[in-house]
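Asks: Structure file structure_34.txt, compact mmCIF, C-alpha atoms and all ligand atoms, is pasted below:
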# COMPACT_ATOMS: atom_id res chain seq x y z
CA MET A 224 2.61 -30.90 17.47
CA ARG A 225 5.86 -31.37 15.52
CA GLU A 226 6.36 -30.82 11.79
CA THR A 227 9.37 -31.08 9.52
CA THR A 228 10.45 -28.91 6.63
CA ASP A 229 13.57 -28.09 4.63
CA ILE A 230 13.59 -24.40 5.47
CA LEU A 231 11.83 -22.38 8.15
CA ILE A 232 11.79 -18.64 7.47
CA SER A 233 11.22 -16.49 10.55
CA GLY A 234 9.76 -13.21 9.23
CA GLY A 235 7.50 -12.42 6.30
CA GLY A 236 8.63 -8.87 5.53
CA VAL A 237 9.63 -8.15 1.96
CA ALA A 238 12.91 -10.03 2.44
CA GLY A 239 11.36 -13.12 4.07
CA LEU A 240 8.56 -13.33 1.50
CA THR A 241 11.07 -13.11 -1.36
CA ALA A 242 13.16 -15.84 0.24
CA ALA A 243 10.08 -18.05 0.62
CA ALA A 244 9.19 -17.55 -3.06
CA ALA A 245 12.78 -18.20 -4.18
CA PHE A 246 13.31 -21.40 -2.17
CA GLY A 247 9.77 -22.60 -2.95
CA SER A 248 10.40 -22.03 -6.68
CA ALA A 249 13.63 -24.03 -6.38
CA GLY A 250 11.67 -27.01 -5.06
CA PHE A 251 12.48 -26.79 -1.34
CA ARG A 252 9.77 -27.28 1.29
CA VAL A 253 9.36 -23.95 3.07
CA VAL A 254 7.41 -22.74 6.09
CA CYS A 255 7.39 -18.94 6.57
CA VAL A 256 5.87 -17.35 9.67
CA ASP A 257 5.18 -13.75 10.68
CA PRO A 258 3.11 -12.47 13.62
CA THR A 259 1.82 -9.51 11.58
CA PRO A 260 -0.38 -10.38 8.60
CA PRO A 261 0.91 -8.44 5.56
CA VAL A 262 -1.06 -5.31 4.67
CA THR A 263 -1.65 -5.54 0.92
CA ARG A 264 -3.84 -2.45 0.22
CA ILE A 265 -2.53 1.10 0.30
CA GLU A 266 -5.66 2.46 1.98
CA ASP A 267 -5.52 0.04 4.94
CA GLU A 268 -4.17 0.98 8.36
CA GLY A 269 -0.56 -0.14 8.70
CA ALA A 270 0.20 -0.16 4.94
CA ASP A 271 3.96 0.22 4.34
CA LEU A 272 4.15 3.51 2.44
CA ARG A 273 7.82 3.19 1.61
CA THR A 274 8.98 2.19 -1.82
CA THR A 275 11.87 -0.05 -2.79
CA ALA A 276 14.19 0.63 -5.67
CA PHE A 277 15.37 -2.78 -6.89
CA LEU A 278 18.81 -2.33 -8.44
CA GLN A 279 19.93 -4.35 -11.49
CA PRO A 280 21.54 -7.30 -9.61
CA SER A 281 18.30 -7.90 -7.67
CA ILE A 282 16.25 -8.60 -10.80
CA PRO A 283 17.59 -12.15 -11.48
CA VAL A 284 16.78 -13.01 -7.84
CA LEU A 285 13.20 -11.80 -8.31
CA GLN A 286 13.02 -13.72 -11.60
CA ALA A 287 14.21 -16.92 -9.93
CA ALA A 288 11.51 -16.40 -7.31
CA GLY A 289 8.86 -16.11 -10.04
CA LEU A 290 8.13 -12.55 -8.92
CA TRP A 291 9.53 -10.22 -11.53
CA ASP A 292 6.82 -10.80 -14.19
CA ARG A 293 4.21 -9.83 -11.58
CA LEU A 294 6.12 -6.75 -10.42
CA ALA A 295 7.47 -5.30 -13.65
CA PRO A 296 4.15 -3.80 -14.87
CA HIS A 297 3.97 -1.66 -11.68
CA ALA A 298 7.61 -0.50 -11.66
CA ALA A 299 9.06 2.92 -12.49
CA PRO A 300 12.56 2.76 -14.04
CA LEU A 301 15.44 4.78 -12.54
CA GLN A 302 17.64 6.00 -15.35
CA ILE A 303 19.47 8.88 -13.68
CA MET A 304 20.57 9.41 -10.08
CA ARG A 305 20.83 13.18 -9.54
CA ILE A 306 22.76 14.48 -6.55
CA ILE A 307 22.11 18.07 -5.56
CA ASP A 308 24.05 19.97 -2.95
CA ALA A 309 21.88 22.72 -1.48
CA GLY A 310 24.14 23.33 1.50
CA GLY A 311 24.86 27.01 0.86
CA GLU A 312 23.51 29.87 2.94
CA TYR A 313 20.07 29.57 1.26
CA PRO A 314 18.30 26.31 0.32
CA ASP A 315 19.01 26.56 -3.41
CA PRO A 316 20.77 23.94 -5.59
CA ARG A 317 24.40 25.04 -5.87
CA ILE A 318 25.80 21.83 -7.39
CA VAL A 319 23.79 19.42 -9.57
CA LYS A 320 25.44 16.19 -10.77
CA ASP A 321 23.74 13.52 -12.87
CA PHE A 322 24.87 9.90 -12.70
CA ASP A 323 23.42 8.32 -15.86
CA ALA A 324 22.92 4.54 -16.03
CA ALA A 325 23.71 4.74 -19.77
CA ASP A 326 27.36 5.45 -18.83
CA ILE A 327 27.79 1.92 -17.49
CA SER A 328 25.05 -0.24 -19.05
CA ASP A 329 22.11 -0.38 -21.47
CA GLN A 330 19.71 -0.90 -18.55
CA PRO A 331 18.34 1.56 -15.96
CA PHE A 332 19.98 1.49 -12.50
CA GLY A 333 16.85 -0.12 -11.14
CA TRP A 334 13.08 -0.08 -10.81
CA ASN A 335 10.99 1.43 -8.02
CA LEU A 336 7.89 -0.19 -6.49
CA PRO A 337 5.64 0.54 -3.50
CA ASN A 338 6.22 -1.84 -0.57
CA TRP A 339 2.50 -2.55 0.05
CA LEU A 340 2.23 -3.70 -3.59
CA LEU A 341 5.31 -5.91 -3.21
CA ARG A 342 3.60 -7.67 -0.31
CA ARG A 343 0.38 -8.14 -2.34
CA GLU A 344 2.22 -9.74 -5.26
CA MET A 345 4.53 -11.82 -3.05
CA VAL A 346 1.69 -13.29 -1.00
CA ALA A 347 -0.15 -14.12 -4.26
CA ARG A 348 2.97 -15.85 -5.61
CA LEU A 349 3.34 -17.96 -2.45
CA ALA A 350 -0.26 -19.15 -2.85
CA ASP A 351 0.79 -20.67 -6.22
CA LEU A 352 3.68 -22.65 -4.69
CA PRO A 353 2.53 -26.03 -3.33
CA ASP A 354 5.66 -26.55 -1.20
CA VAL A 355 5.42 -23.20 0.60
CA SER A 356 3.26 -22.68 3.67
CA PHE A 357 2.99 -19.01 4.68
CA ARG A 358 1.52 -18.64 8.17
CA ALA A 359 0.60 -15.07 9.04
CA GLY A 360 -0.27 -14.44 12.68
CA LEU A 361 2.44 -16.71 14.10
CA ALA A 362 5.84 -15.78 15.56
CA THR A 363 8.87 -17.90 16.28
CA THR A 364 9.35 -17.90 20.05
CA ALA A 365 12.28 -20.25 20.67
CA LEU A 366 15.07 -21.97 18.79
CA LEU A 367 16.98 -25.11 19.65
CA THR A 368 19.75 -26.17 17.30
CA ARG A 369 21.94 -29.24 17.01
CA GLU A 370 24.30 -30.49 14.35
CA ALA A 371 21.65 -32.15 12.18
CA GLU A 372 18.63 -29.81 12.52
CA ALA A 373 17.07 -26.76 14.10
CA ILE A 374 13.82 -26.91 16.03
CA ALA A 375 11.83 -23.70 16.26
CA THR A 376 8.82 -23.21 18.49
CA LEU A 377 5.96 -21.07 17.19
CA SER A 378 3.62 -18.87 19.21
CA ASP A 379 0.80 -21.46 18.89
CA GLY A 380 3.06 -24.12 20.44
CA THR A 381 3.86 -25.91 17.15
CA ARG A 382 7.43 -27.17 16.90
CA ILE A 383 9.02 -27.19 13.47
CA ALA A 384 12.17 -29.16 12.71
CA ALA A 385 14.06 -27.65 9.77
CA ARG A 386 17.33 -28.37 8.03
CA MET A 387 17.91 -24.63 7.87
CA VAL A 388 16.30 -21.64 9.58
CA ILE A 389 16.46 -18.31 7.78
CA ALA A 390 16.22 -15.42 10.22
CA ALA A 391 14.51 -12.64 8.24
CA ASP A 392 12.73 -11.32 11.32
CA GLY A 393 14.03 -7.77 11.23
CA ARG A 394 16.44 -5.59 13.17
CA ASN A 395 15.39 -7.07 16.57
CA SER A 396 15.51 -10.65 15.24
CA ALA A 397 14.29 -13.18 17.79
CA MET A 398 16.25 -15.95 16.06
CA ARG A 399 19.49 -13.93 16.15
CA GLU A 400 18.95 -13.28 19.85
CA ALA A 401 18.23 -16.97 20.52
CA LEU A 402 21.62 -17.76 18.94
CA GLU A 403 23.24 -14.98 21.00
CA ILE A 404 24.86 -13.41 17.94
CA PRO A 405 25.93 -9.89 18.99
CA VAL A 406 25.28 -6.78 16.87
CA LYS A 407 27.06 -3.45 16.63
CA THR A 408 24.56 -0.59 16.47
CA THR A 409 25.13 3.06 15.56
CA ARG A 410 22.42 5.59 16.38
CA TYR A 411 22.26 8.92 14.56
CA GLY A 412 19.36 10.57 16.42
CA GLN A 413 17.71 10.72 13.01
CA LYS A 414 14.32 9.71 11.61
CA ALA A 415 13.05 9.33 8.06
CA LEU A 416 9.67 10.55 6.88
CA ALA A 417 8.31 8.46 4.00
CA PHE A 418 5.38 9.62 1.87
CA ALA A 419 4.22 10.12 -1.74
CA VAL A 420 3.66 13.35 -3.69
CA THR A 421 2.39 14.44 -7.09
CA HIS A 422 4.01 17.31 -8.99
CA PRO A 423 3.48 19.28 -12.22
CA ILE A 424 7.00 18.73 -13.65
CA PRO A 425 7.58 15.11 -14.85
CA HIS A 426 10.42 13.27 -13.09
CA ARG A 427 11.65 11.75 -16.38
CA ASN A 428 12.86 8.65 -14.47
CA VAL A 429 15.38 10.73 -12.51
CA SER A 430 15.86 9.90 -8.83
CA THR A 431 17.10 12.97 -6.93
CA GLU A 432 18.94 13.24 -3.61
CA ILE A 433 19.12 16.76 -2.18
CA HIS A 434 21.68 17.39 0.56
CA ARG A 435 21.54 20.36 2.90
CA SER A 436 21.63 19.30 6.58
CA GLY A 437 19.92 16.73 8.82
CA GLY A 438 20.18 14.03 6.11
CA PRO A 439 19.19 13.61 2.46
CA PHE A 440 15.81 14.51 0.93
CA THR A 441 15.29 11.88 -1.78
CA LEU A 442 12.67 11.84 -4.54
CA VAL A 443 12.24 8.48 -6.29
CA PRO A 444 10.07 8.10 -9.42
CA LEU A 445 6.74 6.28 -9.23
CA PRO A 446 4.28 5.62 -12.07
CA ASP A 447 1.81 8.50 -12.68
CA ARG A 448 -1.08 8.81 -10.27
CA ASP A 449 -4.49 10.15 -11.46
CA GLY A 450 -2.75 11.52 -14.55
CA MET A 451 -0.13 13.44 -12.51
CA PRO A 452 3.60 12.68 -12.26
CA CYS A 453 4.23 11.03 -8.89
CA SER A 454 7.26 10.39 -6.66
CA ALA A 455 8.05 8.70 -3.37
CA ILE A 456 9.97 10.84 -0.89
CA VAL A 457 12.27 9.85 1.95
CA TRP A 458 13.13 12.91 4.04
CA MET A 459 15.73 12.31 6.73
CA GLU A 460 15.98 14.78 9.60
CA THR A 461 17.05 14.96 13.22
CA GLY A 462 14.49 13.03 15.31
CA PRO A 463 12.65 15.98 16.92
CA ASN A 464 12.49 17.85 13.62
CA ALA A 465 11.13 14.79 11.79
CA GLU A 466 8.45 14.36 14.47
CA ARG A 467 7.53 18.05 14.25
CA LEU A 468 7.22 17.77 10.44
CA ALA A 469 5.10 14.60 10.68
CA ALA A 470 2.63 16.37 12.99
CA LEU A 471 2.29 19.62 10.96
CA PRO A 472 -1.04 20.44 9.28
CA VAL A 473 -0.82 19.47 5.58
CA ALA A 474 -0.54 23.01 4.19
CA GLU A 475 2.33 23.90 6.53
CA PHE A 476 4.03 20.59 5.84
CA GLU A 477 3.75 21.15 2.08
CA ALA A 478 5.29 24.62 2.46
CA GLU A 479 8.30 23.19 4.34
CA MET A 480 8.78 20.28 1.92
CA ASN A 481 8.60 22.63 -1.05
CA THR A 482 11.40 24.74 0.40
CA ARG A 483 13.43 21.59 1.16
CA SER A 484 12.86 20.16 -2.36
CA CYS A 485 14.29 23.40 -3.85
CA HIS A 486 11.15 23.36 -6.09
CA ILE A 487 12.93 21.07 -8.56
CA LEU A 488 9.69 19.36 -9.64
CA GLY A 489 7.44 22.39 -9.06
CA PRO A 490 5.02 22.56 -6.10
CA LEU A 491 4.68 19.13 -4.45
CA THR A 492 1.26 17.92 -3.27
CA LEU A 493 1.12 15.34 -0.46
CA VAL A 494 -0.96 12.33 -1.61
CA SER A 495 -0.36 9.82 1.18
CA ARG A 496 -0.04 9.60 4.93
CA ARG A 497 3.39 10.36 6.42
CA SER A 498 5.20 7.45 8.10
CA LEU A 499 8.21 7.83 10.42
CA TRP A 500 11.17 5.41 10.53
CA PRO A 501 14.01 5.50 13.07
CA ILE A 502 17.42 5.46 11.37
CA ILE A 503 20.29 3.30 12.59
CA SER A 504 23.20 1.32 11.23
CA GLN A 505 23.58 -2.18 12.57
CA ILE A 506 25.65 -5.20 11.70
CA ALA A 507 25.61 -8.70 13.17
CA GLU A 508 28.97 -10.13 14.16
CA ARG A 509 28.24 -13.26 12.11
CA MET A 510 25.90 -13.98 9.20
CA ALA A 511 25.04 -17.43 10.57
CA GLY A 512 24.79 -19.66 13.63
CA GLU A 513 24.23 -23.39 13.92
CA ARG A 514 21.67 -24.45 11.25
CA THR A 515 20.64 -20.79 10.89
CA ALA A 516 21.37 -18.06 8.32
CA LEU A 517 20.74 -14.41 9.12
CA MET A 518 19.56 -12.27 6.24
CA ALA A 519 18.26 -8.75 5.59
CA GLU A 520 17.75 -6.49 8.62
CA ALA A 521 18.36 -9.38 11.00
CA ALA A 522 21.97 -9.20 9.72
CA HIS A 523 22.39 -5.58 8.62
CA VAL A 524 20.53 -2.26 8.80
CA VAL A 525 21.63 0.86 6.92
CA PRO A 526 20.16 4.35 6.54
CA PRO A 527 18.01 4.61 3.37
CA ILE A 528 20.67 6.10 1.08
CA GLY A 529 21.39 4.86 -2.43
CA ALA A 530 18.66 2.17 -2.23
CA GLN A 531 21.00 -0.27 -0.52
CA GLY A 532 18.99 -1.95 2.29
CA LEU A 533 16.79 -4.49 0.56
CA ASN A 534 19.23 -4.88 -2.31
CA MET A 535 21.84 -6.09 0.18
CA SER A 536 19.19 -8.49 1.48
CA LEU A 537 18.58 -9.91 -1.98
CA ALA A 538 22.34 -10.32 -2.38
CA ASP A 539 22.24 -12.43 0.83
CA LEU A 540 19.44 -14.46 -0.71
CA ARG A 541 21.28 -14.93 -4.00
CA VAL A 542 24.28 -16.44 -2.21
CA LEU A 543 22.12 -18.69 0.00
CA LEU A 544 20.12 -19.91 -2.98
CA ASP A 545 23.23 -20.61 -5.08
CA LEU A 546 24.79 -22.61 -2.24
CA ALA A 547 21.57 -24.55 -1.61
CA GLU A 548 21.13 -25.41 -5.27
CA ALA A 549 24.78 -26.40 -5.67
CA ASP A 550 24.42 -29.05 -2.96
CA ARG A 551 20.80 -29.64 -1.99
CA ASP A 552 21.64 -32.22 0.67
CA ALA A 553 23.97 -29.82 2.46
CA ILE A 554 21.52 -27.01 3.20
CA GLY A 555 22.02 -25.66 6.67
CA SER A 556 25.28 -27.60 7.16
CA ALA A 557 28.17 -25.97 8.99
CA ALA A 558 30.21 -25.89 5.76
CA MET A 559 27.45 -24.18 3.76
CA LEU A 560 26.82 -21.56 6.44
CA ALA A 561 30.54 -20.87 6.86
CA THR A 562 30.76 -20.20 3.11
CA TYR A 563 27.70 -17.94 3.32
CA HIS A 564 29.29 -15.93 6.12
CA ARG A 565 32.57 -15.65 4.22
CA LYS A 566 30.93 -14.55 0.97
CA ARG A 567 28.64 -11.95 2.51
CA HIS A 568 30.13 -10.50 5.69
CA TRP A 569 33.01 -8.47 4.24
CA GLU A 570 30.75 -6.92 1.61
CA VAL A 571 28.05 -6.12 4.16
CA GLN A 572 30.70 -4.51 6.39
CA ALA A 573 32.00 -2.39 3.51
CA ARG A 574 28.52 -1.17 2.60
CA VAL A 575 27.51 -0.41 6.19
CA THR A 576 30.74 1.62 6.58
CA GLY A 577 30.27 3.46 3.26
CA ILE A 578 26.63 4.37 3.88
CA ASP A 579 27.45 5.50 7.41
CA ALA A 580 30.00 7.94 5.95
CA LEU A 581 27.54 9.24 3.33
CA ASN A 582 24.89 9.75 5.99
CA ARG A 583 27.25 11.66 8.27
CA ALA A 584 28.28 13.88 5.33
CA SER A 585 24.63 14.59 4.52
CA MET A 586 23.79 15.42 8.16
CA MET A 587 26.46 18.11 8.44
CA GLY A 588 25.13 21.40 9.78
CA ALA A 589 28.24 23.61 9.93
CA GLN A 590 28.72 25.75 6.82
CA GLY A 591 32.44 24.96 6.46
CA LEU A 592 31.79 21.22 6.48
CA ARG A 593 28.95 21.58 3.99
CA ASP A 594 31.30 23.47 1.68
CA LEU A 595 33.84 20.65 1.98
CA ARG A 596 31.12 18.16 1.09
CA ALA A 597 30.27 20.13 -2.05
CA THR A 598 33.94 20.25 -3.06
CA ALA A 599 34.24 16.48 -2.59
CA LEU A 600 31.16 15.86 -4.75
CA ASN A 601 32.59 18.04 -7.50
CA ALA A 602 35.95 16.29 -7.36
CA LEU A 603 34.53 12.75 -7.36
CA TYR A 604 32.17 13.51 -10.20
CA SER A 605 34.62 15.25 -12.49
CA VAL A 606 36.89 12.19 -12.93
CA ALA A 607 34.96 9.89 -15.30
CA PRO A 608 36.55 6.57 -14.20
CA VAL A 609 35.91 7.41 -10.52
CA ARG A 610 32.33 8.37 -11.37
CA LYS A 611 31.76 5.07 -13.18
CA THR A 612 33.40 3.05 -10.41
CA LEU A 613 31.12 4.75 -7.88
CA MET A 614 28.08 3.90 -9.98
CA ARG A 615 29.10 0.27 -10.31
CA ALA A 616 29.88 0.04 -6.60
CA GLY A 617 26.47 1.53 -5.76
CA LEU A 618 24.79 -1.09 -7.92
CA GLY A 619 26.88 -3.92 -6.57
CA VAL A 620 28.30 -4.93 -9.99
CA ARG A 621 31.91 -5.04 -11.04
C1 LIG B 701 12.35 5.03 4.71
C2 LIG B 701 13.02 3.82 4.14
C3 LIG B 701 13.17 3.67 2.76
C4 LIG B 701 13.85 2.56 2.23
N1 LIG B 701 14.04 2.46 0.86
C5 LIG B 701 14.74 1.41 0.34
C6 LIG B 701 15.01 1.29 -1.06
O1 LIG B 701 14.60 2.13 -1.88
N2 LIG B 701 15.72 0.21 -1.51
C7 LIG B 701 16.17 -0.74 -0.64
O2 LIG B 701 16.83 -1.70 -1.09
N3 LIG B 701 15.92 -0.68 0.68
C8 LIG B 701 15.22 0.38 1.20
N4 LIG B 701 14.98 0.46 2.53
C9 LIG B 701 15.37 -0.65 3.38
C10 LIG B 701 14.31 -1.73 3.31
O3 LIG B 701 13.02 -1.20 3.50
C11 LIG B 701 14.57 -2.74 4.38
O4 LIG B 701 15.83 -3.30 4.12
C12 LIG B 701 13.57 -3.84 4.34
O5 LIG B 701 12.26 -3.40 4.41
C13 LIG B 701 13.82 -4.69 5.52
O6 LIG B 701 13.26 -5.84 5.28
P1 LIG B 701 13.23 -7.02 6.33
O7 LIG B 701 12.29 -7.97 5.70
O8 LIG B 701 14.56 -7.43 6.74
O9 LIG B 701 12.67 -6.36 7.67
P2 LIG B 701 11.17 -6.04 8.09
O10 LIG B 701 10.43 -5.37 6.99
O11 LIG B 701 11.28 -5.35 9.41
O12 LIG B 701 10.54 -7.49 8.27
C14 LIG B 701 10.77 -8.27 9.39
C15 LIG B 701 9.52 -9.10 9.61
O13 LIG B 701 9.77 -10.01 10.65
C16 LIG B 701 8.62 -10.14 11.42
N5 LIG B 701 8.99 -10.65 12.73
C17 LIG B 701 9.46 -9.98 13.81
N6 LIG B 701 9.65 -10.83 14.86
C18 LIG B 701 9.30 -12.07 14.41
C19 LIG B 701 9.28 -13.37 15.01
N7 LIG B 701 9.64 -13.58 16.28
N8 LIG B 701 8.84 -14.42 14.26
C20 LIG B 701 8.49 -14.24 12.96
N9 LIG B 701 8.48 -13.03 12.36
C21 LIG B 701 8.89 -11.97 13.07
C22 LIG B 701 8.02 -8.73 11.45
O14 LIG B 701 6.62 -8.79 11.74
C23 LIG B 701 8.31 -8.27 10.03
O15 LIG B 701 7.24 -8.52 9.15
C24 LIG B 701 14.34 1.57 3.10
C25 LIG B 701 14.18 1.69 4.48
C26 LIG B 701 13.55 2.82 5.01
C27 LIG B 701 13.43 2.97 6.52
Take the structure in this file and express it as structure tokens.
Ligand SMILES: Cc1cc2nc3c(=O)[nH]c(=O)nc-3n(C[C@H](O)[C@H](O)[C@H](O)COP(=O)(O)OP(=O)(O)OC[C@H]3O[C@@H](n4cnc5c(N)ncnc54)[C@H](O)[C@@H]3O)c2cc1C

Replies:
Amino acid sequence: MRETTDILISGGGVAGLTAAAAFGSAGFRVVCVDPTPPVTRIEDEGADLRTTAFLQPSIPVLQAAGLWDRLAPHAAPLQIMRIIDAGGEYPDPRIVKDFDAADISDQPFGWNLPNWLLRREMVARLADLPDVSFRAGLATTALLTREAEAIATLSDGTRIAARMVIAADGRNSAMREALEIPVKTTRYGQKALAFAVTHPIPHRNVSTEIHRSGGPFTLVPLPDRDGMPCSAIVWMETGPNAERLAALPVAEFEAEMNTRSCHILGPLTLVSRRSLWPIISQIAERMAGERTALMAEAAHVVPPIGAQGLNMSLADLRVLLDLAEADRDAIGSAAMLATYHRKRHWEVQARVTGIDALNRASMMGAQGLRDLRATALNALYSVAPVRKTLMRAGLGVR
């Protein structure tokens, strides 16, 4: 069987679903496929327990996709980013620096939402869009491109001819591999544990990154849970240590996480399962191939520091959508995709390089290096223009 569409999206993760909603809202015909049906309830096996902090520039993209009104009621604002260095001899905060969104804007830095809830709201939005067909349970298995169209084969044998394919099929993207676009991968031997906690001390919309060794321990605000203040945690550690922590009985795990959190929000209580995520950096050599745009983790993967990953993906989407709307007949053309590559690749490269450096600084084990890191944090923070530039750069605004 052969079908035609304007846009075929390979991958219905958070990035692919947002792209489907955005292009569907803009009046394009969209088919989006994913072999794994999205898990939309927190209690179900396979629920994505991570959260995503959407930074300011991502909100207009979510609005254009008709998603923000659905998401906003569930979001926790991030007003302050607190960086703590606890890299001294004992795991106590020795430097605490607050980056306040009020210094650069009248809005919070961003808003945090659980990933399983994002999928629930995104799938519901797609059901409202007559020109979008979301097909869970199907993978793309082959891609043939020529100047005028791309033809993708699905796992049920269907062939779909599209003017543009969007590869949003993750770090091992089948579409990227079909186009033979090489990637550069950096492995850190690190894993991230993601889980949720409640705590007696309110977070007051402060997101906190605590650096000691092994990688950052980050607490991101969530709305209250059962009347208790609640946060999402991403705890990065060397691989074997992360696996050991994930397997510990709850009481022992809580004892270790309380030491690592420096007790800043009082005793933390684990209120979710613990999920483990391998940490890499990766960048594709090109953001596009013939009739195909790479976006999100198919194009770039970064360690979860400073809430950059999905926000970079929505920046990809913003550029693609602007180009498509500026010249609707030219979607997927060589000229459009060359512009997309040019507008996105240098920025993606800069962010991958910057986050790699931050991650390496946070992993440092040797005391002398940790002391240097603390000195650098002090120096960067104390110069107000540098501090504000760093905040704007983190957000992706000028
Ligand atoms: C612990 C952790 C915390 C994070 N926190 C943040 C944060 O606060 N803010 C932020 O911006 N980012 C964050 N990120 C990054 C963010 O989660 C990722 O950028 C994002 O989830 C990746 O989205 P994606 O859709 O590209 O990839 P994925 O979520 O991997 O989606 C890819 C999809 O493609 C599908 N697929 C695979 N093969 C095929 C095929 N052949 N055909 C069709 N579909 C296919 C898969 O089933 C999957 O559903 C975090 C990451 C981690 C690990």

Asks: As a PyMOL selection string, please: every protein or nucleic acid residue near ligand LIG 701 (chain B) (cut-off 6 Å, counting all atoms listed in the file).

Replies: chain A and resi 233-239+256-259+273-276+362-364+391-393+396-397+415+417+457+500+519-520+527+530-534

Asks: Work out how far atom CA of A:Gly360 is from atom CA of A:Glu268, in Å to one decimal.

Replies: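 These atoms are spaced 16.5 Å apart.
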
Asks: Show me as a PyMOL selection string the residues that reach within 8 Å of (6.1, 20.8, -3.8), counting all atoms listed in the file and using the file's own coordinates.

Replies: chain A and resi 420+422+477-478+480-482+484+486+488-492

Asks: Grab the atom CA of A:Glu266 to atom CA of A:Leu493 distance for me, in Å with one decimal place.

Replies: 14.8 Å

Asks: Could you pull the residues within 9 Å of stretch 569-581 of chain A, counting only C-alpha atoms, minus those fewer than 5 positions along the same chain, as a ChimeraX atom specification?

Replies: /A:409,504-506,522-529,531,535,564,586

Asks: Out of A:Leu560, A:Ile487, A:Met518, A:Met224, which residue has the shortest atom-to-atom distance to A:Ile433 when counting all atoms listed in the file?

Replies: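 For A:Ile433, the nearest of the given residues is A:Ile487.
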
Asks: Tell me which of A:Ala325, A:Ile265, A:Val254, A:Ala521 sits closest to A:Met387, counting only C-alpha atoms.

Replies: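 Looking only at the distances to A:Met387, the closest residue turns out to be A:Val254.
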
Asks: Just the residues within 7 Å of stretch 445-450 of chain A, please, counting all atoms listed in the file, with nothing from its chain fewer than 4 positions along; format it as a ChimeraX atom specification.

Replies: /A:298-299,335,454-455

Asks: Could you write out that same residue set with C-alpha atoms as an mmCIF file, in the frame of the given file?

Replies:
data_model
loop_
_atom_site.group_PDB
_atom_site.id
_atom_site.type_symbol
_atom_site.label_atom_id
_atom_site.label_comp_id
_atom_site.auth_asym_id
_atom_site.auth_seq_id
_atom_site.Cartn_x
_atom_site.Cartn_y
_atom_site.Cartn_z
ATOM 1 C CA ALA A 298 7.610 -0.500 -11.660
ATOM 2 C CA ALA A 299 9.060 2.920 -12.490
ATOM 3 C CA ASN A 335 10.990 1.430 -8.020
ATOM 4 C CA SER A 454 7.260 10.390 -6.660
ATOM 5 C CA ALA A 455 8.050 8.700 -3.370
#

Asks: Please compute the atom CA of A:Ser495-atom CA of A:Gly438 distance, one decimal, in Å.

Replies: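 Interatomic distance here is 21.5 Å.
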
Asks: Applying 12 Å and all atoms listed in the file, which residues near A:Ala245 remain after dropping the ones on its own chain fewer than 6 positions away? List them as an MDAnalysis selection string.

Replies: chainID A and resid 230 232 238:239 251:253 283:291 345 348:349 352 354:355 537 540:545 547:548

Asks: Since we have the selection now, will you write its residues out, keeping C-alpha atoms, as a PDB file, in the frame of the given file?

Replies:
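Once written, part12.pdb looks like this:
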ATOM      1  CA  ILE A 230      13.590 -24.400   5.470  1.00  0.00           C
ATOM      2  CA  ILE A 232      11.790 -18.640   7.470  1.00  0.00           C
ATOM      3  CA  ALA A 238      12.910 -10.030   2.440  1.00  0.00           C
ATOM      4  CA  GLY A 239      11.360 -13.120   4.070  1.00  0.00           C
ATOM      5  CA  PHE A 251      12.480 -26.790  -1.340  1.00  0.00           C
ATOM      6  CA  ARG A 252       9.770 -27.280   1.290  1.00  0.00           C
ATOM      7  CA  VAL A 253       9.360 -23.950   3.070  1.00  0.00           C
ATOM      8  CA  PRO A 283      17.590 -12.150 -11.480  1.00  0.00           C
ATOM      9  CA  VAL A 284      16.780 -13.010  -7.840  1.00  0.00           C
ATOM     10  CA  LEU A 285      13.200 -11.800  -8.310  1.00  0.00           C
ATOM     11  CA  GLN A 286      13.020 -13.720 -11.600  1.00  0.00           C
ATOM     12  CA  ALA A 287      14.210 -16.920  -9.930  1.00  0.00           C
ATOM     13  CA  ALA A 288      11.510 -16.400  -7.310  1.00  0.00           C
ATOM     14  CA  GLY A 289       8.860 -16.110 -10.040  1.00  0.00           C
ATOM     15  CA  LEU A 290       8.130 -12.550  -8.920  1.00  0.00           C
ATOM     16  CA  TRP A 291       9.530 -10.220 -11.530  1.00  0.00           C
ATOM     17  CA  MET A 345       4.530 -11.820  -3.050  1.00  0.00           C
ATOM     18  CA  ARG A 348       2.970 -15.850  -5.610  1.00  0.00           C
ATOM     19  CA  LEU A 349       3.340 -17.960  -2.450  1.00  0.00           C
ATOM     20  CA  LEU A 352       3.680 -22.650  -4.690  1.00  0.00           C
ATOM     21  CA  ASP A 354       5.660 -26.550  -1.200  1.00  0.00           C
ATOM     22  CA  VAL A 355       5.420 -23.200   0.600  1.00  0.00           C
ATOM     23  CA  LEU A 537      18.580  -9.910  -1.980  1.00  0.00           C
ATOM     24  CA  LEU A 540      19.440 -14.460  -0.710  1.00  0.00           C
ATOM     25  CA  ARG A 541      21.280 -14.930  -4.000  1.00  0.00           C
ATOM     26  CA  VAL A 542      24.280 -16.440  -2.210  1.00  0.00           C
ATOM     27  CA  LEU A 543      22.120 -18.690   0.000  1.00  0.00           C
ATOM     28  CA  LEU A 544      20.120 -19.910  -2.980  1.00  0.00           C
ATOM     29  CA  ASP A 545      23.230 -20.610  -5.080  1.00  0.00           C
ATOM     30  CA  ALA A 547      21.570 -24.550  -1.610  1.00  0.00           C
ATOM     31  CA  GLU A 548      21.130 -25.410  -5.270  1.00  0.00           C
TER      32      GLU A 548
END

Asks: Find the residues around A:Ile456 up to 7 Å (all atoms listed in the file counted), leave out those fewer than 5 positions away in its own chain, and share them as number ranges by chain.

Replies: A: 417-419, 441-443
